[in-house]
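Printed here is input_12.txt (compact mmCIF, C-alpha atoms and all ligand atoms):
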# COMPACT_ATOMS: atom_id res chain seq x y z
CA MET H 932 21.89 -19.26 -25.88
CA ARG H 933 18.93 -19.62 -28.26
CA LYS H 934 15.84 -17.48 -27.83
CA LEU H 935 13.44 -19.00 -25.29
CA ASN H 936 9.76 -19.63 -25.71
CA PRO H 937 7.79 -17.63 -23.10
CA GLU H 938 5.08 -20.32 -22.97
CA LYS H 939 7.64 -22.97 -22.13
CA ILE H 940 9.12 -20.86 -19.34
CA LYS H 941 5.68 -20.24 -17.86
CA GLU H 942 5.04 -23.98 -17.93
CA ILE H 943 8.34 -24.63 -16.13
CA ILE H 944 7.46 -22.10 -13.44
CA ARG H 945 3.92 -23.42 -13.00
CA SER H 946 5.05 -27.01 -12.60
CA ASN H 947 8.05 -26.30 -10.36
CA ILE H 948 6.89 -23.44 -8.15
CA LYS H 949 3.68 -23.58 -6.16
CA GLY H 950 2.16 -20.41 -4.75
CA ILE H 951 2.33 -18.06 -7.74
CA ASP H 952 -1.24 -17.38 -8.82
CA ALA H 953 -0.64 -15.75 -12.22
CA ILE H 954 2.45 -15.42 -14.34
CA GLU H 955 3.47 -13.87 -17.64
CA VAL H 956 6.72 -13.16 -19.43
CA ILE H 957 7.06 -9.80 -21.18
CA PRO H 958 9.72 -7.81 -22.99
CA VAL H 959 11.35 -4.78 -21.39
CA VAL H 960 8.55 -2.62 -22.72
CA SER H 961 9.07 1.10 -23.31
CA LEU H 962 7.55 3.23 -20.55
CA LYS H 963 8.33 6.63 -22.10
CA ALA H 964 4.72 7.51 -22.88
CA ALA H 965 3.58 6.47 -19.40
CA ALA H 966 6.12 8.79 -17.78
CA ARG H 967 4.13 11.76 -19.13
CA LYS H 968 1.22 10.80 -16.87
CA VAL H 969 3.56 10.97 -13.87
CA PHE H 970 4.78 14.41 -14.96
CA GLN H 971 1.14 15.54 -14.92
CA SER H 972 0.68 14.18 -11.38
CA ILE H 973 3.82 16.02 -10.28
CA ASN H 974 2.50 19.25 -11.83
CA LYS H 975 -0.86 18.82 -10.11
CA GLY H 976 0.83 18.33 -6.73
CA TYR H 977 -0.60 14.82 -6.31
CA ILE H 978 2.76 13.37 -5.27
CA PRO H 979 3.74 14.27 -1.70
CA GLU H 980 6.87 16.35 -1.18
CA SER H 981 8.13 13.70 1.22
CA TYR H 982 8.51 11.33 -1.75
CA ASN H 983 11.16 13.68 -3.08
CA TRP H 984 10.02 12.56 -6.51
CA ASP H 985 10.62 14.67 -9.60
CA ARG H 986 10.79 14.48 -13.41
CA LYS H 987 14.40 13.35 -13.32
CA LYS H 988 13.67 10.44 -11.01
CA THR H 989 10.66 9.50 -13.12
CA GLU H 990 12.77 9.48 -16.27
CA HIS H 991 15.37 7.40 -14.46
CA ALA H 992 12.87 4.79 -13.25
CA TYR H 993 10.79 4.71 -16.44
CA SER H 994 13.86 4.03 -18.55
CA TYR H 995 14.95 1.12 -16.31
CA LYS H 996 18.24 2.98 -15.73
CA ASN H 997 19.45 0.61 -13.01
CA TYR H 998 18.81 -2.47 -15.15
CA LYS H 999 19.12 -1.20 -18.72
CA SER H 1000 22.57 -2.62 -19.39
CA TRP H 1001 21.49 -6.22 -18.92
CA ALA H 1002 17.69 -6.69 -18.56
CA LYS H 1003 16.13 -8.36 -21.60
CA SER H 1004 12.86 -9.67 -20.22
CA ILE H 1005 10.52 -9.44 -17.25
CA ILE H 1006 8.68 -12.26 -15.51
CA VAL H 1007 5.61 -10.69 -13.87
CA ALA H 1008 3.71 -12.59 -11.20
CA ALA H 1009 0.75 -12.21 -8.87
CA LYS H 1010 -0.15 -13.54 -5.44
CA TYR H 1011 -3.83 -13.68 -4.51
CA TYR H 1012 -4.54 -12.70 -0.90
CA TYR H 1013 -8.29 -13.06 -0.38
CA THR H 1014 -8.93 -15.51 2.48
CA ASP H 1015 -12.00 -16.31 4.59
CA GLU H 1016 -10.58 -14.25 7.49
CA GLU H 1017 -12.68 -11.21 8.39
CA TYR H 1018 -12.06 -7.69 9.57
CA PRO H 1019 -12.35 -7.34 13.37
CA LYS H 1020 -15.77 -6.37 14.69
CA GLU H 1021 -14.71 -5.18 18.17
CA LYS H 1022 -14.94 -1.42 18.39
CA GLN H 1023 -11.59 -0.93 20.09
CA THR H 1024 -9.64 -3.00 17.58
CA GLY H 1025 -7.54 -1.07 15.09
CA ARG H 1026 -8.12 -2.25 11.57
CA ILE H 1027 -5.27 -3.34 9.32
CA ALA H 1028 -5.91 -3.19 5.56
CA ARG H 1029 -6.39 -6.66 4.08
CA PHE H 1030 -3.31 -6.67 1.88
CA THR H 1031 -1.15 -6.17 4.97
CA TRP H 1032 -2.44 -9.07 7.08
CA ARG H 1033 0.63 -11.00 5.95
CA ASN H 1034 3.68 -10.08 3.92
CA ASN H 1035 2.69 -11.26 0.46
CA TYR H 1036 5.39 -9.16 -1.16
CA ARG H 1037 8.08 -11.12 0.60
CA TYR H 1038 6.27 -14.37 -0.16
CA LEU H 1039 6.09 -13.58 -3.86
CA SER H 1040 9.70 -12.41 -3.98
CA PHE H 1041 10.82 -15.78 -2.57
CA LYS H 1042 8.74 -17.56 -5.19
CA LEU H 1043 10.14 -15.48 -8.04
CA GLU H 1044 13.68 -16.15 -6.82
CA GLU H 1045 12.88 -19.87 -6.80
CA ALA H 1046 11.43 -19.56 -10.31
CA VAL H 1047 14.62 -17.97 -11.65
CA LYS H 1048 16.70 -20.68 -9.97
CA ALA H 1049 14.51 -23.39 -11.53
CA ILE H 1050 14.96 -21.90 -15.03
CA SER H 1051 18.69 -21.63 -14.50
CA LYS H 1052 18.88 -25.25 -13.36
CA ILE H 1053 16.74 -26.65 -16.16
CA TYR H 1054 18.56 -24.74 -18.93
CA ARG H 1055 21.93 -25.08 -17.18
CA VAL H 1056 22.74 -21.40 -17.67
CA PRO H 1057 23.46 -18.67 -15.17
CA VAL H 1058 20.56 -16.20 -15.09
CA LYS H 1059 21.15 -12.61 -14.04
CA SER H 1060 18.05 -11.27 -12.36
CA GLU H 1061 16.61 -8.71 -9.98
CA VAL H 1062 13.43 -9.59 -8.13
CA LEU H 1063 11.22 -6.68 -7.10
CA SER H 1064 7.88 -6.41 -5.36
CA ASN H 1065 6.36 -3.15 -4.20
CA TYR H 1066 9.49 -1.46 -2.88
CA THR H 1067 10.72 -0.20 -6.23
CA SER H 1068 10.45 2.87 -8.41
CA ILE H 1069 9.79 0.68 -11.46
CA PRO H 1070 6.09 1.14 -12.38
CA GLU H 1071 5.07 -2.42 -11.65
CA LYS H 1072 1.37 -1.99 -12.34
CA LEU H 1073 2.04 -0.75 -15.86
CA LEU H 1074 4.17 -3.81 -16.58
CA PHE H 1075 1.46 -6.00 -15.22
CA SER H 1076 -1.29 -4.38 -17.28
CA TYR H 1077 0.92 -4.78 -20.34
CA SER H 1078 1.10 -8.50 -19.60
CA GLY H 1079 -2.67 -8.72 -20.06
CA ILE H 1080 -3.22 -10.47 -16.72
CA ALA H 1081 -5.06 -7.46 -15.35
CA GLU H 1082 -6.45 -4.07 -16.31
CA PHE H 1083 -6.40 -0.73 -14.55
CA GLY H 1084 -9.51 0.28 -12.63
CA LYS H 1085 -10.45 3.93 -12.18
CA ASN H 1086 -8.91 3.70 -8.67
CA CYS H 1087 -5.49 2.99 -10.26
CA VAL H 1088 -5.64 -0.53 -8.84
CA LEU H 1089 -5.35 -3.56 -11.09
CA ILE H 1090 -8.35 -5.80 -11.70
CA ASN H 1091 -8.23 -9.41 -12.78
CA ARG H 1092 -11.50 -11.14 -13.54
CA GLN H 1093 -10.70 -14.17 -11.31
CA MET H 1094 -8.85 -12.48 -8.46
CA GLY H 1095 -10.57 -9.09 -8.46
CA SER H 1096 -8.06 -6.63 -7.03
CA PHE H 1097 -7.07 -8.84 -4.11
CA PHE H 1098 -3.64 -9.70 -5.40
CA ILE H 1099 -0.19 -8.20 -5.11
CA ILE H 1100 2.36 -8.21 -7.86
CA GLY H 1101 6.05 -8.71 -8.27
CA GLU H 1102 8.49 -9.17 -11.09
CA ALA H 1103 11.88 -10.58 -11.96
CA LEU H 1104 13.90 -8.60 -14.47
CA THR H 1105 16.16 -11.10 -16.19
CA ASP H 1106 18.78 -11.32 -18.90
CA LEU H 1107 16.91 -14.23 -20.50
CA VAL H 1108 16.25 -13.60 -24.19
CA PHE H 1109 12.81 -14.62 -25.45
CA ASP H 1110 11.22 -14.98 -28.80
CA PHE H 1111 8.52 -12.33 -28.31
CA ASP H 1112 5.90 -11.76 -31.01
CA GLU H 1113 5.43 -8.09 -30.23
CA ALA H 1114 7.77 -5.12 -30.19
CA GLY H 1115 6.52 -4.05 -26.76
CA VAL H 1116 4.38 -0.92 -26.92
CA LEU H 1117 2.42 0.09 -23.86
CA THR H 1118 -1.10 1.38 -24.38
CA PRO H 1119 -2.47 3.82 -21.79
CA PRO H 1120 -5.17 2.50 -19.42
CA ASP H 1121 -8.70 3.13 -20.74
CA PHE H 1122 -10.61 1.88 -17.66
CA SER H 1123 -13.04 0.09 -19.95
CA ILE H 1124 -13.24 -2.76 -17.41
CA CYS H 1125 -15.09 -0.31 -15.10
CA GLY H 1126 -17.82 0.64 -17.55
CA GLU H 1127 -20.14 3.23 -15.98
CA CYS H 1128 -19.17 2.29 -12.41
CA ASP H 1129 -17.61 5.01 -10.26
CA ARG H 1130 -18.06 3.41 -6.85
CA CYS H 1131 -14.42 3.82 -5.83
CA LEU H 1132 -14.43 7.53 -6.69
CA THR H 1133 -17.56 8.21 -4.67
CA SER H 1134 -16.62 5.94 -1.73
CA CYS H 1135 -13.17 7.36 -1.08
CA PRO H 1136 -13.49 9.12 2.29
CA THR H 1137 -11.16 11.97 1.38
CA GLY H 1138 -11.92 12.42 -2.31
CA ALA H 1139 -8.42 11.21 -3.13
CA ILE H 1140 -9.56 9.92 -6.54
CA PRO H 1141 -10.49 13.18 -8.26
CA ARG H 1142 -10.81 11.59 -11.72
CA SER H 1143 -10.52 8.13 -13.27
CA GLY H 1144 -6.94 6.97 -13.00
CA GLU H 1145 -5.76 9.86 -10.84
CA ILE H 1146 -4.82 9.64 -7.16
CA ASP H 1147 -3.96 12.62 -5.02
CA ILE H 1148 -1.62 10.73 -2.73
CA ASN H 1149 -1.54 13.56 -0.20
CA ARG H 1150 -5.20 12.91 0.53
CA CYS H 1151 -5.02 9.11 0.57
CA PHE H 1152 -5.44 7.41 3.97
CA GLN H 1153 -2.99 4.72 2.89
CA TYR H 1154 -0.25 7.33 2.53
CA ILE H 1155 -1.35 9.21 5.64
CA SER H 1156 -1.34 5.99 7.68
CA GLU H 1157 2.29 5.39 6.72
CA ASN H 1158 3.59 8.83 7.61
CA LEU H 1159 3.75 11.08 10.64
CA ILE H 1160 1.93 14.01 9.09
CA LEU H 1161 -0.82 16.21 10.42
CA MET H 1162 -4.05 15.62 8.55
CA PRO H 1163 -6.82 18.21 8.64
CA PRO H 1164 -9.57 17.70 11.26
CA GLU H 1165 -12.15 16.92 8.55
CA TYR H 1166 -10.11 13.84 7.57
CA ARG H 1167 -9.80 12.76 11.20
CA GLU H 1168 -13.60 12.78 11.39
CA LYS H 1169 -13.54 10.06 8.71
CA TRP H 1170 -10.59 8.10 10.01
CA GLY H 1171 -12.56 5.25 11.61
CA SER H 1172 -10.52 2.71 13.53
CA ARG H 1173 -7.63 2.43 11.13
CA LEU H 1174 -4.41 1.05 12.49
CA TYR H 1175 -2.78 0.79 9.08
CA GLY H 1176 -3.92 1.34 5.52
CA CYS H 1177 -7.30 1.96 3.98
CA SER H 1178 -8.32 -0.03 0.84
CA ILE H 1179 -11.95 1.19 0.86
CA CYS H 1180 -11.65 1.84 -2.88
CA ILE H 1181 -10.74 -1.83 -3.32
CA GLU H 1182 -13.28 -3.25 -0.89
CA VAL H 1183 -16.21 -1.47 -2.62
CA CYS H 1184 -15.28 -2.56 -6.13
CA PRO H 1185 -17.86 -4.94 -7.64
CA TYR H 1186 -15.04 -7.08 -9.00
CA ASN H 1187 -14.20 -7.90 -5.39
CA ASN H 1188 -17.65 -9.17 -4.48
CA ASN H 1189 -18.30 -12.90 -4.43
CA LEU H 1190 -14.69 -13.94 -4.83
CA GLU H 1191 -13.71 -17.36 -3.57
CA PRO H 1192 -11.42 -17.13 -0.51
CA TRP H 1193 -8.86 -19.60 -1.79
CA ALA H 1194 -5.70 -17.62 -1.01
CA GLU H 1195 -3.06 -19.41 1.00
CA LYS H 1196 -2.91 -18.39 4.68
CA HIS H 1197 0.87 -18.39 4.88
CA SER H 1198 2.65 -17.17 7.97
CA ILE H 1199 5.27 -14.85 6.44
CA GLY H 1200 4.94 -11.53 8.25
CA TYR H 1201 1.49 -12.41 9.60
CA VAL H 1202 0.09 -9.68 11.87
CA GLY H 1203 -3.62 -10.46 11.64
CA GLN H 1204 -6.65 -8.39 10.81
CA GLY H 1205 -6.31 -5.86 13.59
CA MET H 1206 -4.95 -5.15 17.05
CA ASP H 1207 -6.36 -3.80 20.26
CA LEU H 1208 -5.65 -0.08 19.98
CA ILE H 1209 -4.63 0.55 23.58
CA SER H 1210 -2.35 -2.50 23.53
CA VAL H 1211 -0.50 -1.05 20.53
CA LEU H 1212 0.22 2.10 22.56
CA LYS H 1213 1.76 -0.14 25.19
CA ILE H 1214 4.08 -2.15 22.93
CA PRO H 1215 7.58 -1.32 24.28
CA VAL H 1216 9.92 0.15 21.69
CA LYS H 1217 12.21 -2.84 22.06
CA ASP H 1218 9.33 -5.21 21.13
CA TRP H 1219 8.05 -3.12 18.22
CA THR H 1220 10.55 -4.55 15.75
CA ARG H 1221 9.75 -8.10 16.80
CA THR H 1222 6.02 -7.44 16.31
CA PHE H 1223 6.21 -5.80 12.89
CA SER H 1224 9.63 -6.38 11.33
CA HIS H 1225 8.54 -9.18 9.01
CA ASN H 1226 5.49 -7.26 7.87
CA GLN H 1227 5.43 -4.19 5.62
CA ILE H 1228 4.15 -2.18 8.60
CA GLY H 1229 7.63 -2.53 10.10
CA ILE H 1230 9.29 -0.38 7.44
CA HIS H 1231 7.35 2.70 8.51
CA ASP H 1232 8.01 5.14 11.31
CA ARG H 1233 6.71 3.67 14.57
CA MET H 1234 5.28 7.06 15.53
CA ALA H 1235 3.22 7.16 12.32
CA LEU H 1236 1.43 4.04 13.57
CA ILE H 1237 1.09 5.50 17.08
CA LYS H 1238 -0.49 8.56 15.46
CA ASN H 1239 -2.99 6.26 13.71
CA VAL H 1240 -3.92 4.67 17.05
CA ILE H 1241 -4.35 8.04 18.76
CA THR H 1242 -6.56 9.25 15.90
CA SER H 1243 -8.67 6.08 16.02
CA LEU H 1244 -9.19 6.39 19.78
CA GLY H 1245 -10.24 10.01 19.31
CA TYR H 1246 -12.54 9.12 16.44
CA LEU H 1247 -14.12 6.33 18.51
CA LYS H 1248 -14.47 8.69 21.50
CA PHE H 1249 -13.10 5.85 23.58
CA LYS H 1250 -13.16 7.11 27.18
CA LYS H 1251 -11.27 4.14 28.57
CA SER H 1252 -8.26 5.14 26.50
CA LEU H 1253 -7.79 8.54 28.17
CA ASP H 1254 -5.25 7.37 30.76
CA SER H 1255 -3.16 5.87 27.94
CA LEU H 1256 -3.45 9.07 25.90
CA TYR H 1257 -2.46 11.67 28.50
CA PRO H 1258 1.29 10.89 28.45
CA TYR H 1259 1.33 11.60 24.69
CA LEU H 1260 0.36 15.22 25.44
CA TYR H 1261 3.97 15.51 26.62
CA HIS H 1262 5.58 13.59 23.74
CA GLU H 1263 8.66 15.18 22.20
CA ASN H 1264 7.05 15.27 18.73
CA GLU H 1265 4.58 18.13 18.22
CA VAL H 1266 2.56 16.21 15.61
CA ILE H 1267 1.92 13.48 18.16
CA ARG H 1268 0.97 16.09 20.76
CA ALA H 1269 -1.38 17.75 18.26
CA TYR H 1270 -3.19 14.49 17.48
CA THR H 1271 -3.36 13.64 21.16
CA ALA H 1272 -4.91 17.02 21.96
CA TRP H 1273 -7.48 16.46 19.22
CA ALA H 1274 -8.25 12.92 20.45
CA ILE H 1275 -8.66 13.96 24.08
CA GLY H 1276 -10.76 16.93 23.03
CA ASN H 1277 -12.92 14.79 20.80
CA ILE H 1278 -13.51 12.22 23.56
CA ASN H 1279 -14.87 15.21 25.42
CA THR H 1280 -14.76 14.62 29.19
CA LYS H 1281 -14.35 17.13 32.02
CA THR H 1282 -11.08 15.55 33.15
CA GLY H 1283 -9.81 15.49 29.59
CA LYS H 1284 -10.51 19.20 29.20
CA LYS H 1285 -8.73 19.93 32.48
CA ARG H 1286 -5.69 18.06 31.21
CA LEU H 1287 -5.79 20.01 27.95
CA SER H 1288 -6.12 23.28 29.82
CA SER H 1289 -3.14 22.54 32.01
CA ARG H 1290 -1.08 21.45 29.01
CA TYR H 1291 -2.05 24.61 27.13
CA LYS H 1292 -0.33 26.77 29.74
CA GLU H 1293 3.05 25.21 29.13
CA GLU H 1294 2.75 24.18 25.47
CA THR H 1295 5.15 26.13 23.24
CA SER H 1296 4.13 24.79 19.83
CA LYS H 1297 1.70 27.03 17.94
CA THR H 1298 0.29 23.99 16.11
CA VAL H 1299 -0.49 22.15 19.34
CA ARG H 1300 -1.86 25.22 21.07
CA GLU H 1301 -4.26 25.72 18.14
CA GLU H 1302 -5.44 22.13 18.47
CA ILE H 1303 -6.00 22.52 22.21
CA ILE H 1304 -7.75 25.88 22.10
CA THR H 1305 -10.57 24.59 19.88
CA PHE H 1306 -11.68 22.40 22.81
CA LEU H 1307 -11.34 24.88 25.69
S1 LIG U 1401 -7.00 3.88 -0.15
FE1 LIG U 1401 -8.73 4.93 0.87
S2 LIG U 1401 -8.18 7.10 0.92
FE2 LIG U 1401 -6.81 6.09 -0.57
S3 LIG U 1401 -7.81 6.35 -2.55
FE3 LIG U 1401 -8.51 4.38 -1.73
S4 LIG U 1401 -10.41 4.84 -0.59
FE4 LIG U 1401 -9.33 6.77 -0.96
S1 LIG U 1402 -15.19 0.38 -8.08
FE1 LIG U 1402 -16.03 0.51 -10.15
S2 LIG U 1402 -14.94 2.25 -11.07
FE2 LIG U 1402 -13.77 1.63 -9.28
S3 LIG U 1402 -12.24 0.17 -10.01
FE3 LIG U 1402 -14.02 -1.04 -9.38
S4 LIG U 1402 -15.23 -1.27 -11.25
FE4 LIG U 1402 -13.79 0.39 -11.62
Will you turn the file into structure tokens for me?
Amino acid sequence: MRKLNPEKIKEIIRSNIKGIDAIEVIPVVSLKAAARKVFQSINKGYIPESYNWDRKKTEHAYSYKNYKSWAKSIIVAAKYYYTDEEYPKEKQTGRIARFTWRNNYRYLSFKLEEAVKAISKIYRVPVKSEVLSNYTSIPEKLLFSYSGIAEFGKNCVLINRQMGSFFIIGEALTDLVFDFDEAGVLTPPDFSICGECDRCLTSCPTGAIPRSGEIDINRCFQYISENLILMPPEYREKWGSRLYGCSICIEVCPYNNNLEPWAEKHSIGYVGQGMDLISVLKIPVKDWTRTFSHNQIGIHDRMALIKNVITSLGYLKFKKSLDSLYPYLYHENEVIRAYTAWAIGNINTKTGKKRLSSRYKEETSKTVREEIITFL
């Protein structure tokens, strides 16, 4: 097959597939230099142990090992997600980060699959491809910045001048051969789009952005919201009413002010802007999958979300939640018991303290006992 013109392919995708908000076709660009930045993050301890991520895995991912034998080009695409829907205002509603209100990753993956099919049909050739969006070790943001559609902000999030940072990305690695002008060299992010601004660095509640372009994932509320881990009390004091995610460093970015809310309100994996916190505690296990399975929330440990709810109720000092919290003092998982002790203690009622005191007598976990004793 002759070499294809990237412009022509983009035109085919634009006219045949609705719902992709930006598209570019790029070569399988070398990521070797970028891998060094990841090695630095590993050395600094910014990547949580639970990721089980090391130099070897970085080298594997950054050399496209799983796709190397056949991938010749990458179609990168973006889906804008800024709508006129608003974050919940009710105090007892747990907040879900904007990018999670619906499953845009799945939406974009469908669209990219359709795009590949359209190319295959029009050129009457089989196209080998792998569509990825978010759940991949391939450094998607680097590919996207290479495409020129967006640039890296100091918060490590991509910025596009029309869509701000309110877009998610996906890509199709393909065996299509293009007539590219350039050899494909990646230049490191220079954050020039940010100028003197450092709003994301100073607004991050946990200081998880220590320097431009560096994220200490261990400290990031997004990561913490996805995992059943015990965060220090000083982070809990800043937790707010999070049910899932954070995105403060995106919400404060000036590029995200005054955007037009033209994103499609599709229904794939729609969970809304928030949920009543006590109601989430009451979702039966059997209904949990039905509630979240089509949304990215559903891939995480249910108890990580329950921990978020417990922390929010404690942060909000929501007295009416106490009866729903007490049973979690007896939960089989000590991290859940520790958060519950903190929440009940923070809500600070006489009955709550009595419950903590009685639990203390039979509690065997040192971690939980330490949480309880600070309130007795
Ligand atoms: S998502 Fe939240 S905690 Fe994480 S870096 Fe951004 S502002 Fe900080
Ligand atoms: S908030 Fe400022 S520094 Fe951070 S990404 Fe946006 S423009 Fe850059």
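Using only C-alpha atoms, the nearest neighbour of Val1183 (chain H) within the list H:Arg1092, H:Lys1072, H:Arg1130, H:Lys1003 is H:Arg1130.
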Around ligand LIG 1402 (chain U), out to 8 Å and counting only C-alpha atoms and all ligand atoms, which residues are there? I want them as a short mmCIF file (atom, residue, chain, number, x, y, z; two decimals) with C-alpha atoms, in the coordinates of the input.
data_model
loop_
_atom_site.label_atom_id
_atom_site.label_comp_id
_atom_site.auth_asym_id
_atom_site.auth_seq_id
_atom_site.Cartn_x
_atom_site.Cartn_y
_atom_site.Cartn_z
CA PHE H 1083 -6.40 -0.73 -14.55
CA GLY H 1084 -9.51 0.28 -12.63
CA LYS H 1085 -10.45 3.93 -12.18
CA ASN H 1086 -8.91 3.70 -8.67
CA CYS H 1087 -5.49 2.99 -10.26
CA VAL H 1088 -5.64 -0.53 -8.84
CA LEU H 1089 -5.35 -3.56 -11.09
CA ILE H 1090 -8.35 -5.80 -11.70
CA PHE H 1122 -10.61 1.88 -17.66
CA ILE H 1124 -13.24 -2.76 -17.41
CA CYS H 1125 -15.09 -0.31 -15.10
CA GLY H 1126 -17.82 0.64 -17.55
CA GLU H 1127 -20.14 3.23 -15.98
CA CYS H 1128 -19.17 2.29 -12.41
CA ASP H 1129 -17.61 5.01 -10.26
CA ARG H 1130 -18.06 3.41 -6.85
CA CYS H 1131 -14.42 3.82 -5.83
CA LEU H 1132 -14.43 7.53 -6.69
CA SER H 1143 -10.52 8.13 -13.27
CA CYS H 1180 -11.65 1.84 -2.88
CA ILE H 1181 -10.74 -1.83 -3.32
CA VAL H 1183 -16.21 -1.47 -2.62
CA CYS H 1184 -15.28 -2.56 -6.13
CA PRO H 1185 -17.86 -4.94 -7.64
CA TYR H 1186 -15.04 -7.08 -9.00
CA ASN H 1187 -14.20 -7.90 -5.39
#
I want to know what sits within 12 Å of Gly1229 (chain H), based on all atoms listed in the file, with residues of the same chain fewer than 3 positions away left out; could you give that as a ChimeraX atom specification? /H:1031,1033-1034,1157,1175,1200-1202,1218-1226,1232-1236
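Distance-wise, CA of His991 (chain H) and CA of Asp1112 (chain H) end up 27.0 Å apart.
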Using 4 Å of padding on each side, determine the axis-aligned box around all atoms of region 1035-1053 of chain H present in the file and give its centre and edge lengths in Å to one decimal, as AutoDock Vina command-line options.
--center_x 10.8 --center_y -17.9 --center_z -7.8 --size_x 24.2 --size_y 25.5 --size_z 24.8
For the atom pair CA of Val956 (chain H) and CA of Ser1198 (chain H), what is the interatomic distance in Å to one decimal place? 28.0 Å
Could you give me, as a ChimeraX atom specification, the residues within 12 Å of Ser1051 (chain H), counting only C-alpha atoms and dropping anything in the same chain fewer than 3 positions from it? /H:940,943-944,1044-1048,1054-1060,1105-1107
Spatial neighbours of Ala1081 (chain H), 12 Å, all atoms listed in the file, chain gap at least 4 places, as a PyMOL selection string: chain H and resi 953-955+1007-1009+1071-1077+1087-1100+1120+1122-1124+1186
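The residue that comes closest to Arg1268 (chain H), out of H:Glu1302, H:Glu1293, H:Asp1121, H:Asp952 and on the basis of only C-alpha atoms, is H:Glu1302.
Candidate residues H:Phe970, H:Trp1032, H:Phe1041, H:Tyr1259 were compared for distance to Glu1017 (chain H), and the nearest is H:Trp1032, using only C-alpha atoms.
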One-decimal distance in Å that lies between CA of Ala1272 (chain H) and CA of Arg1286 (chain H): 9.3 Å
Identify, on the basis of all atoms listed in the file, every residue whose closest approach to Ile1278 (chain H) does not exceed 9 Å; exclude the query and any residue fewer than 6 positions from it along the same chain; express the result as JSON, numbers by chain. {"H": [1244, 1245, 1246, 1247, 1248, 1249, 1250, 1253]}
Name all residues at most 7 Å from region 1237-1242 of chain H (count all atoms listed in the file; drop same-chain ones fewer than 5 positions away) and give them as number ranges by chain. H: 1156, 1159, 1167, 1173-1174, 1208, 1212, 1267, 1270-1271, 1274
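Across H:Ile1303, H:Ile957, H:Asn936, H:Ile1050, the tightest approach to Ile1080 (chain H) is made by H:Ile957 when counting all atoms listed in the file.
Among H:Pro1192, H:Pro958, H:Pro1163, H:Gly1276, the residue with the shortest atom-to-atom distance to Gly1115 (chain H), counting all atoms listed in the file, is H:Pro958.
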